[in-house]
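Data block for work18.cif (mmCIF, C-alpha atoms and all ligand atoms):
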```cif
data_start
#
loop_
_atom_site.label_atom_id
_atom_site.label_comp_id
_atom_site.auth_asym_id
_atom_site.auth_seq_id
_atom_site.Cartn_x
_atom_site.Cartn_y
_atom_site.Cartn_z
CA SER L 1 -28.88 -35.66 -40.46
CA GLY L 2 -25.52 -35.61 -38.69
CA LEU L 3 -24.06 -33.67 -41.61
CA ILE L 4 -26.68 -30.96 -41.57
CA THR L 5 -26.01 -27.69 -39.76
CA MET L 6 -29.25 -26.12 -38.62
CA ASP L 7 -29.57 -22.35 -38.91
CA VAL L 8 -33.26 -21.48 -38.78
CA GLY L 9 -33.82 -18.03 -40.23
CA PHE L 10 -30.30 -18.14 -41.75
CA LYS L 11 -28.96 -16.02 -38.91
CA ASN L 12 -25.36 -17.01 -39.58
CA THR L 13 -25.43 -18.59 -43.01
CA GLY L 14 -23.71 -16.92 -45.92
CA SER L 15 -25.51 -17.79 -49.15
CA THR L 16 -23.21 -16.09 -51.63
CA THR L 17 -20.23 -13.86 -52.24
CA SER L 18 -21.27 -10.50 -53.64
CA ASN L 19 -19.62 -7.30 -54.82
CA ILE L 20 -22.72 -5.10 -54.77
CA THR L 21 -23.35 -3.93 -51.20
CA PHE L 22 -21.15 -3.79 -48.11
CA LEU L 23 -22.85 -3.72 -44.72
CA ASP L 24 -21.26 -3.62 -41.26
CA GLY L 25 -24.05 -4.01 -38.72
CA GLU L 26 -21.86 -3.28 -35.70
CA LYS L 27 -20.55 0.00 -37.09
CA GLY L 28 -23.73 1.01 -38.94
CA ILE L 29 -22.00 1.14 -42.34
CA LEU L 30 -23.81 0.72 -45.66
CA ARG L 31 -22.04 1.10 -49.01
CA HIS L 32 -23.05 0.34 -52.57
CA ARG L 33 -20.18 -0.63 -54.87
CA GLY L 34 -17.87 1.17 -52.43
CA TYR L 35 -19.84 4.44 -52.15
CA SER L 36 -21.29 5.31 -48.73
CA ILE L 37 -25.06 5.58 -48.44
CA GLU L 38 -24.57 9.08 -46.98
CA ASP L 39 -22.68 10.23 -50.10
CA LEU L 40 -25.13 8.60 -52.48
CA ALA L 41 -28.17 10.10 -50.73
CA GLU L 42 -26.61 13.54 -50.81
CA LYS L 43 -24.92 13.62 -54.21
CA ALA L 44 -26.53 11.10 -56.55
CA SER L 45 -29.94 10.65 -58.14
CA PHE L 46 -32.01 7.47 -57.80
CA VAL L 47 -31.55 6.62 -61.47
CA GLU L 48 -27.76 6.97 -61.10
CA VAL L 49 -27.82 4.68 -58.07
CA ALA L 50 -29.92 2.17 -60.03
CA TYR L 51 -27.31 2.21 -62.80
CA LEU L 52 -24.50 1.87 -60.25
CA LEU L 53 -26.09 -1.15 -58.60
CA ILE L 54 -26.99 -2.91 -61.83
CA TYR L 55 -23.90 -2.20 -63.95
CA GLY L 56 -21.27 -1.79 -61.23
CA HIS L 57 -20.06 1.77 -61.87
CA LEU L 58 -21.48 5.28 -61.75
CA PRO L 59 -22.67 6.26 -65.22
CA SER L 60 -20.92 8.90 -67.32
CA THR L 61 -23.22 11.69 -68.59
CA GLU L 62 -23.68 9.82 -71.89
CA GLU L 63 -24.36 6.51 -70.16
CA LEU L 64 -26.91 8.14 -67.88
CA ASP L 65 -28.66 9.85 -70.79
CA ALA L 66 -28.81 6.60 -72.74
CA PHE L 67 -30.09 4.69 -69.69
CA GLN L 68 -32.78 7.27 -69.01
CA SER L 69 -33.98 7.40 -72.58
CA GLU L 70 -34.10 3.60 -72.77
CA ILE L 71 -36.23 3.54 -69.62
CA ARG L 72 -38.51 6.23 -71.05
CA ARG L 73 -39.04 4.21 -74.21
CA HIS L 74 -40.57 1.38 -72.17
CA THR L 75 -42.79 3.11 -69.61
CA LEU L 76 -46.01 2.08 -71.36
CA VAL L 77 -47.51 -1.28 -70.46
CA HIS L 78 -49.56 -3.37 -72.88
CA GLU L 79 -53.14 -2.11 -73.14
CA ASN L 80 -54.48 -5.53 -72.19
CA ILE L 81 -52.79 -5.13 -68.81
CA LYS L 82 -54.95 -2.05 -68.31
CA ASP L 83 -57.97 -4.30 -68.77
CA ILE L 84 -56.70 -6.72 -66.13
CA PHE L 85 -57.03 -3.98 -63.52
CA GLN L 86 -60.78 -4.07 -63.92
CA GLY L 87 -60.76 -7.58 -62.49
CA PHE L 88 -59.30 -6.40 -59.17
CA PRO L 89 -61.60 -5.12 -56.45
CA ALA L 90 -60.93 -1.51 -55.45
CA SER L 91 -59.92 -2.77 -52.01
CA ALA L 92 -57.08 -4.93 -53.39
CA HIS L 93 -53.78 -4.26 -51.62
CA PRO L 94 -51.46 -2.66 -54.21
CA MET L 95 -48.59 -5.00 -53.26
CA GLY L 96 -50.66 -8.01 -54.34
CA VAL L 97 -51.71 -6.24 -57.51
CA LEU L 98 -48.10 -5.27 -58.27
CA SER L 99 -46.63 -8.72 -57.75
CA SER L 100 -49.39 -10.31 -59.87
CA LEU L 101 -48.86 -7.86 -62.69
CA VAL L 102 -45.09 -8.18 -62.63
CA THR L 103 -45.54 -11.93 -63.13
CA THR L 104 -48.08 -11.09 -65.84
CA LEU L 105 -45.43 -9.10 -67.73
CA SER L 106 -43.78 -12.41 -68.58
CA ALA L 107 -46.93 -13.34 -70.53
CA PHE L 108 -46.51 -10.22 -72.66
CA HIS L 109 -42.75 -10.60 -73.00
CA PRO L 110 -42.34 -14.39 -73.21
CA GLU L 111 -38.77 -14.15 -74.52
CA SER L 112 -37.88 -13.47 -70.86
CA LEU L 113 -38.64 -17.12 -70.11
CA ASP L 114 -35.51 -18.29 -71.94
CA PRO L 115 -32.75 -18.59 -69.31
CA HIS L 116 -30.09 -18.77 -72.02
CA ARG L 117 -30.93 -15.61 -73.94
CA ASP L 118 -28.06 -13.20 -74.58
CA ALA L 119 -27.02 -10.28 -72.38
CA GLU L 120 -28.74 -7.73 -74.60
CA ALA L 121 -32.07 -9.52 -74.29
CA VAL L 122 -31.63 -9.77 -70.53
CA ASN L 123 -30.92 -6.06 -70.43
CA LEU L 124 -34.15 -5.31 -72.23
CA THR L 125 -36.07 -7.14 -69.49
CA ILE L 126 -34.18 -5.12 -66.87
CA ILE L 127 -35.08 -1.85 -68.60
CA ARG L 128 -38.71 -2.93 -68.99
CA LEU L 129 -38.96 -3.66 -65.28
CA LEU L 130 -37.46 -0.32 -64.26
CA ALA L 131 -39.74 1.45 -66.73
CA LYS L 132 -43.03 -0.33 -66.11
CA ILE L 133 -43.11 -0.87 -62.35
CA PRO L 134 -43.82 2.81 -61.53
CA THR L 135 -46.63 2.74 -64.12
CA LEU L 136 -48.16 -0.43 -62.64
CA ALA L 137 -47.75 0.93 -59.10
CA ALA L 138 -49.49 4.23 -59.90
CA TRP L 139 -52.24 2.44 -61.81
CA SER L 140 -52.96 0.12 -58.89
CA TYR L 141 -53.53 3.21 -56.75
CA LYS L 142 -55.77 4.81 -59.38
CA ASN L 143 -57.76 1.57 -59.54
CA SER L 144 -58.28 1.65 -55.78
CA GLN L 145 -59.64 5.19 -56.08
CA GLY L 146 -61.86 4.52 -59.09
CA HIS L 147 -59.87 7.18 -60.94
CA PRO L 148 -58.75 6.92 -64.56
CA GLN L 149 -55.21 5.67 -65.06
CA LEU L 150 -52.83 8.22 -66.51
CA TYR L 151 -50.35 7.31 -69.24
CA PRO L 152 -46.69 8.00 -68.53
CA ASP L 153 -45.35 11.36 -69.65
CA ASN L 154 -41.95 10.71 -71.15
CA LYS L 155 -40.91 14.36 -71.02
CA LEU L 156 -40.55 13.85 -67.29
CA GLY L 157 -37.86 12.29 -65.14
CA TYR L 158 -38.31 8.93 -63.41
CA VAL L 159 -39.66 10.21 -60.10
CA GLU L 160 -41.66 13.11 -61.59
CA ASN L 161 -43.36 10.76 -64.01
CA PHE L 162 -44.37 8.43 -61.20
CA LEU L 163 -45.71 11.31 -59.08
CA LYS L 164 -47.75 12.62 -61.99
CA MET L 165 -49.25 9.17 -62.70
CA MET L 166 -50.03 8.85 -58.96
CA PHE L 167 -51.49 12.23 -58.20
CA GLY L 168 -52.40 13.74 -61.57
CA LEU L 169 -55.87 13.74 -63.13
CA PRO L 170 -56.74 14.02 -66.81
CA THR L 171 -59.01 16.96 -65.97
CA GLU L 172 -56.39 19.31 -64.63
CA GLU L 173 -52.75 20.32 -64.92
CA TYR L 174 -50.52 18.60 -62.39
CA ASN L 175 -47.90 20.93 -60.97
CA ILE L 176 -44.96 18.92 -59.76
CA ASP L 177 -43.54 20.19 -56.49
CA PRO L 178 -39.72 19.98 -56.73
CA ALA L 179 -39.54 19.47 -52.94
CA LEU L 180 -41.63 16.33 -53.37
CA VAL L 181 -39.48 15.04 -56.22
CA GLU L 182 -36.30 15.60 -54.25
CA ALA L 183 -37.69 13.92 -51.14
CA LEU L 184 -38.95 10.84 -52.97
CA ASP L 185 -35.75 10.55 -54.98
CA LYS L 186 -33.72 10.48 -51.74
CA LEU L 187 -36.03 7.97 -50.07
CA LEU L 188 -35.79 5.65 -53.06
CA ILE L 189 -31.98 5.83 -52.88
CA LEU L 190 -32.08 4.88 -49.20
CA HIS L 191 -34.05 1.74 -50.09
CA ALA L 192 -32.12 0.76 -53.21
CA ASP L 193 -30.28 -2.32 -51.92
CA HIS L 194 -29.48 -4.07 -48.68
CA GLU L 195 -27.46 -7.17 -49.55
CA GLN L 196 -28.99 -10.56 -48.67
CA ASN L 197 -32.21 -9.35 -46.99
CA CYS L 198 -35.35 -11.49 -47.14
CA SER L 199 -36.64 -10.17 -50.47
CA ALA L 200 -33.25 -10.02 -52.25
CA ALA L 201 -32.47 -13.53 -51.03
CA THR L 202 -35.90 -14.58 -52.38
CA VAL L 203 -35.15 -13.04 -55.76
CA ARG L 204 -31.89 -15.01 -55.91
CA VAL L 205 -33.58 -18.23 -54.75
CA VAL L 206 -36.35 -17.96 -57.37
CA GLY L 207 -33.80 -17.01 -60.04
CA SER L 208 -31.62 -19.98 -59.12
CA SER L 209 -34.23 -22.34 -60.58
CA GLU L 210 -33.95 -20.42 -63.88
CA ALA L 211 -37.42 -18.94 -63.45
CA SER L 212 -37.71 -15.65 -65.36
CA LEU L 213 -36.52 -12.28 -64.06
CA TYR L 214 -40.17 -11.16 -63.86
CA ALA L 215 -41.07 -14.19 -61.71
CA SER L 216 -38.01 -13.58 -59.51
CA ILE L 217 -38.85 -9.90 -58.94
CA SER L 218 -42.46 -10.82 -58.25
CA GLY L 219 -41.19 -13.22 -55.57
CA GLY L 220 -39.18 -10.36 -54.09
CA ILE L 221 -42.24 -8.10 -53.99
CA ASN L 222 -44.19 -10.77 -52.12
CA ALA L 223 -41.39 -11.28 -49.59
CA LEU L 224 -41.16 -7.53 -49.06
CA TRP L 225 -44.89 -7.27 -48.38
CA GLY L 226 -44.68 -8.94 -44.95
CA GLY L 227 -44.85 -6.81 -41.80
CA LEU L 228 -41.43 -7.93 -40.55
CA HIS L 229 -39.81 -6.71 -43.78
CA GLY L 230 -40.97 -3.84 -46.03
CA GLY L 231 -44.55 -4.06 -44.80
CA ALA L 232 -43.27 -2.54 -41.55
CA ASN L 233 -43.51 0.99 -42.97
CA GLN L 234 -47.30 0.68 -43.22
CA LYS L 235 -47.45 -0.99 -39.80
CA VAL L 236 -45.46 1.85 -38.17
CA ILE L 237 -48.02 4.49 -39.16
CA GLU L 238 -50.87 2.22 -38.10
CA MET L 239 -49.12 1.77 -34.73
CA LEU L 240 -48.49 5.51 -34.29
CA GLU L 241 -52.13 6.24 -35.14
CA MET L 242 -53.24 3.64 -32.62
CA ILE L 243 -51.06 5.25 -29.92
CA LYS L 244 -52.41 8.68 -30.85
CA ALA L 245 -56.02 7.49 -30.69
CA ASP L 246 -55.23 5.94 -27.32
CA GLY L 247 -54.26 9.32 -25.87
CA GLY L 248 -50.53 9.11 -26.72
CA ASP L 249 -49.65 6.78 -23.83
CA ILE L 250 -46.15 5.84 -24.99
CA GLN L 251 -45.18 3.82 -21.91
CA LYS L 252 -48.18 1.54 -22.36
CA TYR L 253 -46.92 0.49 -25.78
CA ILE L 254 -43.32 0.17 -24.65
CA ASP L 255 -44.58 -2.23 -21.97
CA LYS L 256 -46.71 -4.12 -24.48
CA ALA L 257 -43.68 -4.57 -26.77
CA LYS L 258 -41.65 -5.92 -23.85
CA ASP L 259 -44.30 -8.38 -22.71
CA PRO L 260 -43.29 -11.88 -23.93
CA ASN L 261 -46.95 -12.95 -23.85
CA ASP L 262 -48.08 -10.10 -26.07
CA PRO L 263 -47.40 -10.50 -29.83
CA PHE L 264 -47.16 -6.69 -30.19
CA ARG L 265 -43.76 -5.47 -31.37
CA LEU L 266 -42.52 -1.95 -31.77
CA MET L 267 -42.81 -1.69 -35.53
CA GLY L 268 -39.86 0.02 -37.21
CA PHE L 269 -37.58 -1.14 -34.42
CA GLY L 270 -34.89 -3.80 -34.50
CA HIS L 271 -32.89 -5.28 -37.32
CA ARG L 272 -31.32 -8.62 -38.09
CA VAL L 273 -27.98 -7.08 -39.00
CA TYR L 274 -27.75 -3.58 -37.51
CA LYS L 275 -26.89 -3.85 -33.84
CA ASN L 276 -25.84 -0.26 -33.23
CA PHE L 277 -27.86 1.93 -35.54
CA ASP L 278 -29.36 1.81 -39.01
CA PRO L 279 -27.54 4.49 -41.06
CA ARG L 280 -30.60 4.87 -43.28
CA ALA L 281 -32.83 5.64 -40.30
CA LYS L 282 -30.39 8.37 -39.19
CA ILE L 283 -30.64 10.07 -42.58
CA ILE L 284 -34.42 9.67 -42.77
CA LYS L 285 -35.00 11.05 -39.29
CA LYS L 286 -33.07 14.20 -40.11
CA TYR L 287 -34.83 14.44 -43.42
CA CYS L 288 -38.27 14.01 -41.89
CA ASP L 289 -38.20 17.43 -40.20
CA VAL L 290 -36.84 19.10 -43.32
CA VAL L 291 -39.48 17.61 -45.64
CA LEU L 292 -42.45 18.23 -43.38
CA ASP L 293 -41.25 21.79 -42.99
CA LYS L 294 -40.83 22.27 -46.75
CA LEU L 295 -44.24 20.79 -47.49
CA GLY L 296 -45.79 22.81 -44.66
CA VAL L 297 -47.19 19.67 -43.02
CA GLN L 298 -47.68 19.25 -39.29
CA ASP L 299 -48.08 15.69 -38.12
CA GLN L 300 -48.69 14.74 -34.52
CA THR L 301 -47.48 11.22 -35.17
CA LEU L 302 -43.96 12.63 -35.75
CA ASP L 303 -43.92 13.83 -32.12
CA ILE L 304 -45.22 10.46 -30.96
CA ALA L 305 -42.53 8.70 -33.03
CA LYS L 306 -39.77 10.86 -31.53
CA LYS L 307 -41.01 10.27 -27.99
CA LEU L 308 -41.38 6.57 -28.62
CA GLU L 309 -37.84 6.38 -29.97
CA GLU L 310 -36.46 8.26 -26.98
CA ALA L 311 -38.34 6.07 -24.51
CA ALA L 312 -37.19 2.86 -26.20
CA LEU L 313 -33.57 3.97 -26.49
CA ASN L 314 -33.52 4.54 -22.72
CA ASP L 315 -35.19 1.28 -21.82
CA GLU L 316 -33.12 -1.72 -20.65
CA TYR L 317 -35.15 -4.17 -22.75
CA PHE L 318 -34.31 -2.38 -26.01
CA ILE L 319 -30.75 -1.53 -24.94
CA ASN L 320 -29.92 -5.13 -24.01
CA ARG L 321 -31.32 -6.49 -27.26
CA LYS L 322 -29.66 -3.75 -29.34
CA LEU L 323 -32.95 -2.63 -30.83
CA PHE L 324 -32.82 0.68 -32.72
CA PRO L 325 -35.13 2.44 -35.17
CA ASN L 326 -34.76 1.01 -38.67
CA VAL L 327 -35.37 2.49 -42.13
CA ASP L 328 -39.13 2.00 -41.79
CA PHE L 329 -39.58 3.98 -38.58
CA TYR L 330 -39.70 7.51 -40.03
CA SER L 331 -40.19 6.85 -43.76
CA GLY L 332 -43.97 6.45 -43.50
CA ILE L 333 -44.35 9.85 -41.88
CA ILE L 334 -42.64 11.41 -44.89
CA TYR L 335 -44.65 9.37 -47.39
CA ARG L 336 -47.85 10.45 -45.71
CA ALA L 337 -46.78 14.09 -45.70
CA MET L 338 -46.22 13.72 -49.44
CA GLY L 339 -49.82 12.56 -49.86
CA PHE L 340 -49.34 8.81 -50.25
CA PRO L 341 -51.98 6.58 -48.67
CA VAL L 342 -50.59 4.01 -46.20
CA GLU L 343 -51.29 1.05 -48.52
CA MET L 344 -48.79 2.53 -50.99
CA PHE L 345 -45.89 2.76 -48.53
CA THR L 346 -44.55 -0.73 -49.17
CA VAL L 347 -45.00 -0.21 -52.91
CA LEU L 348 -42.67 2.79 -52.62
CA PHE L 349 -40.18 0.54 -50.87
CA ALA L 350 -40.52 -1.93 -53.78
CA ILE L 351 -39.87 0.79 -56.38
CA GLY L 352 -36.78 1.80 -54.42
CA ARG L 353 -35.55 -1.77 -53.92
CA LEU L 354 -36.08 -2.80 -57.55
CA PRO L 355 -32.54 -1.91 -58.76
CA GLY L 356 -31.08 -3.88 -55.85
CA TRP L 357 -33.18 -6.93 -56.66
CA ILE L 358 -32.19 -6.69 -60.32
CA ALA L 359 -28.50 -6.34 -59.42
CA GLN L 360 -28.71 -9.33 -57.06
CA TRP L 361 -30.47 -11.45 -59.68
CA LYS L 362 -27.99 -10.43 -62.41
CA GLU L 363 -24.99 -11.17 -60.20
CA SER L 364 -26.35 -14.58 -59.18
CA ARG L 365 -27.03 -15.52 -62.81
CA GLU L 366 -23.62 -14.29 -63.96
CA MET L 367 -21.85 -16.27 -61.24
CA LYS L 368 -23.99 -19.29 -62.17
CA GLN L 369 -25.29 -19.66 -58.63
CA ALA L 370 -26.37 -23.26 -58.06
CA ILE L 371 -30.05 -23.93 -57.43
CA SER L 372 -30.95 -22.93 -53.86
CA ARG L 373 -32.04 -25.99 -52.02
CA PRO L 374 -31.55 -26.02 -48.25
CA ARG L 375 -31.71 -29.20 -46.19
CA GLN L 376 -33.83 -30.06 -43.14
CA ILE L 377 -33.98 -32.39 -40.18
CA TYR L 378 -37.12 -34.50 -40.35
CA THR L 379 -39.19 -34.64 -37.13
CA GLY L 380 -42.39 -36.37 -38.39
CA PRO L 381 -43.61 -39.96 -37.79
CA ALA L 382 -41.42 -42.96 -38.59
CA LEU L 383 -42.56 -45.48 -41.24
CA ARG L 384 -46.03 -46.79 -40.44
CA PRO L 385 -48.39 -49.16 -42.32
CA LEU L 386 -51.31 -47.57 -44.19
CA VAL L 387 -54.22 -49.01 -42.22
CA ARG L 388 -57.40 -46.91 -41.94
CA GLU L 389 -59.03 -46.51 -38.53
CA GLU L 390 -62.06 -48.66 -39.38
CA GLU L 391 -59.82 -51.41 -40.81
CA ALA L 392 -57.75 -51.48 -37.63
CA VAL L 393 -60.72 -52.47 -35.45
N1 LIG E 1 -40.19 -4.89 -30.53
C1 LIG E 1 -40.03 -5.61 -29.39
N2 LIG E 1 -39.15 -6.60 -29.25
C2 LIG E 1 -38.36 -6.89 -30.29
C3 LIG E 1 -38.46 -6.18 -31.51
C4 LIG E 1 -39.41 -5.16 -31.60
N3 LIG E 1 -39.54 -4.45 -32.74
N4 LIG E 1 -37.58 -6.68 -32.40
C5 LIG E 1 -36.93 -7.69 -31.76
N5 LIG E 1 -37.40 -7.80 -30.50
C6 LIG E 1 -36.91 -8.74 -29.45
C7 LIG E 1 -37.40 -10.14 -29.72
O1 LIG E 1 -38.63 -10.38 -29.09
C8 LIG E 1 -36.27 -10.96 -29.15
O2 LIG E 1 -36.39 -10.93 -27.76
P1 LIG E 1 -35.99 -12.24 -26.89
O3 LIG E 1 -34.54 -12.44 -27.14
O4 LIG E 1 -36.33 -11.85 -25.51
O5 LIG E 1 -36.85 -13.35 -27.43
C9 LIG E 1 -35.03 -10.15 -29.50
O6 LIG E 1 -35.51 -8.78 -29.57
C10 LIG E 1 -34.37 -10.54 -30.80
O7 LIG E 1 -35.34 -10.44 -31.85
P2 LIG E 1 -35.50 -11.49 -33.03
O8 LIG E 1 -36.91 -11.47 -33.50
O9 LIG E 1 -34.91 -12.80 -32.64
O10 LIG E 1 -34.54 -10.81 -34.12
P3 LIG E 1 -34.56 -11.07 -35.66
O11 LIG E 1 -33.23 -10.69 -36.17
O12 LIG E 1 -35.05 -12.46 -35.96
O13 LIG E 1 -35.69 -10.06 -36.19
C11 LIG E 1 -36.77 -8.12 -37.02
C12 LIG E 1 -35.42 -8.83 -36.77
C13 LIG E 1 -36.50 -6.88 -37.86
C14 LIG E 1 -37.70 -9.03 -37.80
C15 LIG E 1 -37.39 -7.73 -35.66
O14 LIG E 1 -36.55 -6.85 -34.99
C16 LIG E 1 -38.80 -7.14 -35.80
O15 LIG E 1 -39.78 -7.88 -35.82
N6 LIG E 1 -38.93 -5.76 -35.88
C17 LIG E 1 -40.21 -5.15 -36.10
C18 LIG E 1 -40.56 -5.18 -37.57
C19 LIG E 1 -39.73 -4.22 -38.39
O16 LIG E 1 -39.56 -3.06 -38.06
N7 LIG E 1 -39.21 -4.69 -39.57
C20 LIG E 1 -38.43 -3.88 -40.48
C21 LIG E 1 -37.01 -4.37 -40.56
S1 LIG E 1 -35.88 -3.22 -41.34
C22 LIG E 1 -36.32 -2.94 -42.96
C23 LIG E 1 -36.80 -4.12 -43.71
O17 LIG E 1 -36.24 -5.20 -43.70
O18 LIG E 1 -37.82 -3.95 -44.35
#
```

Is it possible to give me this structure as structure tokens?
Ligand code: CMC
Amino acid sequence: SGLITMDVGFKNTGSTTSNITFLDGEKGILRHRGYSIEDLAEKASFVEVAYLLIYGHLPSTEELDAFQSEIRRHTLVHENIKDIFQGFPASAHPMGVLSSLVTTLSAFHPESLDPHRDAEAVNLTIIRLLAKIPTLAAWSYKNSQGHPQLYPDNKLGYVENFLKMMFGLPTEEYNIDPALVEALDKLLILHADHEQNCSAATVRVVGSSEASLYASISGGINALWGGLHGGANQKVIEMLEMIKADGGDIQKYIDKAKDPNDPFRLMGFGHRVYKNFDPRAKIIKKYCDVVLDKLGVQDQTLDIAKKLEEAALNDEYFINRKLFPNVDFYSGIIYRAMGFPVEMFTVLFAIGRLPGWIAQWKESREMKQAISRPRQIYTGPALRPLVREEEAV
């Protein structure tokens, strides 16, 4: 054990070199393949950012067209998968449904199990994932509502298609609000990758054993689900609602978060890497007002969130620990204004993070990353004879 360096939670352990995402937590910088997150959010589309992350460069017009039409060709999922939905209770959390069904895709596309298949075959799995995950996500919501699942409409763009499958009904025309499309597209960009975070690291760990890309992405979805990671966006709204129902007493919750004997944490606050500000949260906060305004939505929890942020940013506890709002703090308010139920918030994060996971998996496979297998220091009993209690008498 003398040779083992302990780093519980991998706070200071580098697990790989990577040329996908650059992050400087002290300065609040986030860049994908050299482009700043601010530029990408303002000037690119989510599908372009997906291409950039996965293939390493921004697509030309022809490359983007080809990429989009390939994705469109694969938006349908096997009809038998539709039947599987009937086995889930309506109350099933869509993250669990999504991760199960992403693993299930490997049963319908078993060629993905071959770790030595050629690049073209790997690419087909990548396209299938990008194409089918929005369909599975929307269908899990429809299942929870007891509503019929809508087939993808391949005349539509990536985000529009997802919104239609989510909110459309076979009985009426669904009019897509361009403000909604723009807002979701931007939010997905802001979630697209974040270097070696818990879920991306999971994807690489699972992939390192040569498990399939579907299994690796499913692992990522499960890691994202937790409240300390992507699940925080659902927890933020639940917290804001709790504060609202409790008469909006902000200080009470600030004090609860500071109390070492109380497990309550300010959800959407703090980050392992950002110790100054989260550049994504800055963009989302600004965007929150704009979107709510455009959609004509008034939400009291936005006021509570702003007051909570102000109170925390002026409190010694949060200042000393360098705790700032993260990407999840304001995103849920926008999702809700768009009509998404809280259970879908983390699914939206997963749809956004998918290109990042794929890029991380692809990079780790191309660099032939060794199997991930950390060490430990054993603290259990020393060797003891197997004598049962009654025998010992
Ligand atoms: N509220 C109150 N105290 C906090 C919070 C918080 N949100 N976050 C950290 N602290 C305290 C923590 O108790 C500790 O205090 P002390 O040194 O006195 O023991 C100190 O700050 C350092 O925290 P840590 O837990 O050691 O830091 P970490 O890097 O292991 O955890 C974190 C990072 C994001 C898990 C944590 O800040 C947290 O639980 N935040 C709330 C959940 C959340 O918003 N998660 C979303 C993260 S960003 C997007 C994503 O990954 O999905």

Edge lengths and centre in Å to one decimal, as JSON, of the axis-aligned box that encloses all listed atoms of segment 8-23 of chain L with 5 Å added on every side?
```
{"center_x": -26.7, "center_y": -12.6, "center_z": -46.8, "size_x": 24.2, "size_y": 27.8, "size_z": 26.0}
```

Quiz item: So what do you get for atom CA of Met6 of chain L versus atom CA of Ile358 of chain L, distance-wise?
Solution: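 So the answer is 29.3 Å.
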
Practice problem: Could the residues that lie within 6 Å of ligand LIG 1 (chain E), counting only C-alpha atoms and all ligand atoms, be listed as JSON, numbers by chain? | Solution: {"L": [228, 229, 230, 232, 257, 258, 265, 266, 267, 268, 269, 270, 271, 272, 321, 326, 327, 328]}

Quiz item: Between L:Lys294, L:Lys322, L:Lys235, L:Arg280, which one has atoms that come closest to Arg31 of chain L, using only C-alpha atoms?
Solution: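 Among L:Lys294, L:Lys322, L:Lys235, L:Arg280, it is L:Arg280 that comes nearest to Arg31 of chain L.
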
Quiz item: How many Å separate atom CA of Pro325 of chain L from atom CA of Met242 of chain L?
Solution: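 The value is 18.3 Å.
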
Exercise. For atom CA of Gln196 of chain L and atom CA of Ala41 of chain L, quote the distance in Å rounded to one decimal.
Key: 20.8 Å

Show me, as JSON lines, the residues of segment 189-287 of chain L having an atom within 12 Å of segment 126-131 of chain L, each with the closest atom pair and its distance in Å, using all atoms listed in the file.
```
{"residue": "L:Ser212", "atom": "CA", "partner": "L:Ile126", "partner_atom": "CA", "distance": 11.2}
{"residue": "L:Leu213", "atom": "CA", "partner": "L:Ile126", "partner_atom": "CA", "distance": 8.0}
{"residue": "L:Tyr214", "atom": "CA", "partner": "L:Leu129", "partner_atom": "CA", "distance": 7.7}
{"residue": "L:Ala215", "atom": "CA", "partner": "L:Leu129", "partner_atom": "CA", "distance": 11.3}
{"residue": "L:Ser216", "atom": "CA", "partner": "L:Leu129", "partner_atom": "CA", "distance": 11.5}
{"residue": "L:Ile217", "atom": "CA", "partner": "L:Leu129", "partner_atom": "CA", "distance": 8.9}
{"residue": "L:Ser218", "atom": "CA", "partner": "L:Leu129", "partner_atom": "CA", "distance": 10.6}
```

What residues have an atom no more than 12 Å from (-51.2, 12.4, -47.0) in the file's own frame, counting only C-alpha atoms, and can you write them as a PDB file with C-alpha atoms, in the frame of the given file?
```pdb
ATOM      1  CA  PHE L 167     -51.490  12.230 -58.200  1.00  0.00           C
ATOM      2  CA  ILE L 237     -48.020   4.490 -39.160  1.00  0.00           C
ATOM      3  CA  LEU L 292     -42.450  18.230 -43.380  1.00  0.00           C
ATOM      4  CA  LEU L 295     -44.240  20.790 -47.490  1.00  0.00           C
ATOM      5  CA  GLY L 296     -45.790  22.810 -44.660  1.00  0.00           C
ATOM      6  CA  VAL L 297     -47.190  19.670 -43.020  1.00  0.00           C
ATOM      7  CA  GLN L 298     -47.680  19.250 -39.290  1.00  0.00           C
ATOM      8  CA  ASP L 299     -48.080  15.690 -38.120  1.00  0.00           C
ATOM      9  CA  GLY L 332     -43.970   6.450 -43.500  1.00  0.00           C
ATOM     10  CA  ILE L 333     -44.350   9.850 -41.880  1.00  0.00           C
ATOM     11  CA  ILE L 334     -42.640  11.410 -44.890  1.00  0.00           C
ATOM     12  CA  TYR L 335     -44.650   9.370 -47.390  1.00  0.00           C
ATOM     13  CA  ARG L 336     -47.850  10.450 -45.710  1.00  0.00           C
ATOM     14  CA  ALA L 337     -46.780  14.090 -45.700  1.00  0.00           C
ATOM     15  CA  MET L 338     -46.220  13.720 -49.440  1.00  0.00           C
ATOM     16  CA  GLY L 339     -49.820  12.560 -49.860  1.00  0.00           C
ATOM     17  CA  PHE L 340     -49.340   8.810 -50.250  1.00  0.00           C
ATOM     18  CA  PRO L 341     -51.980   6.580 -48.670  1.00  0.00           C
ATOM     19  CA  VAL L 342     -50.590   4.010 -46.200  1.00  0.00           C
ATOM     20  CA  GLU L 343     -51.290   1.050 -48.520  1.00  0.00           C
ATOM     21  CA  MET L 344     -48.790   2.530 -50.990  1.00  0.00           C
ATOM     22  CA  PHE L 345     -45.890   2.760 -48.530  1.00  0.00           C
TER      23      PHE L 345
END
```

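Shortest atom-to-atom contact with Asn314 of chain L among L:Cys198, L:Val8, L:Ile254, L:Val122: L:Ile254, counting only C-alpha atoms.
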
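Between Ala192 of chain L and the candidates L:Asp118, L:Glu390, L:Asp65, L:Glu48, the tightest atom-to-atom separation, counting all atoms listed in the file, involves L:Glu48.
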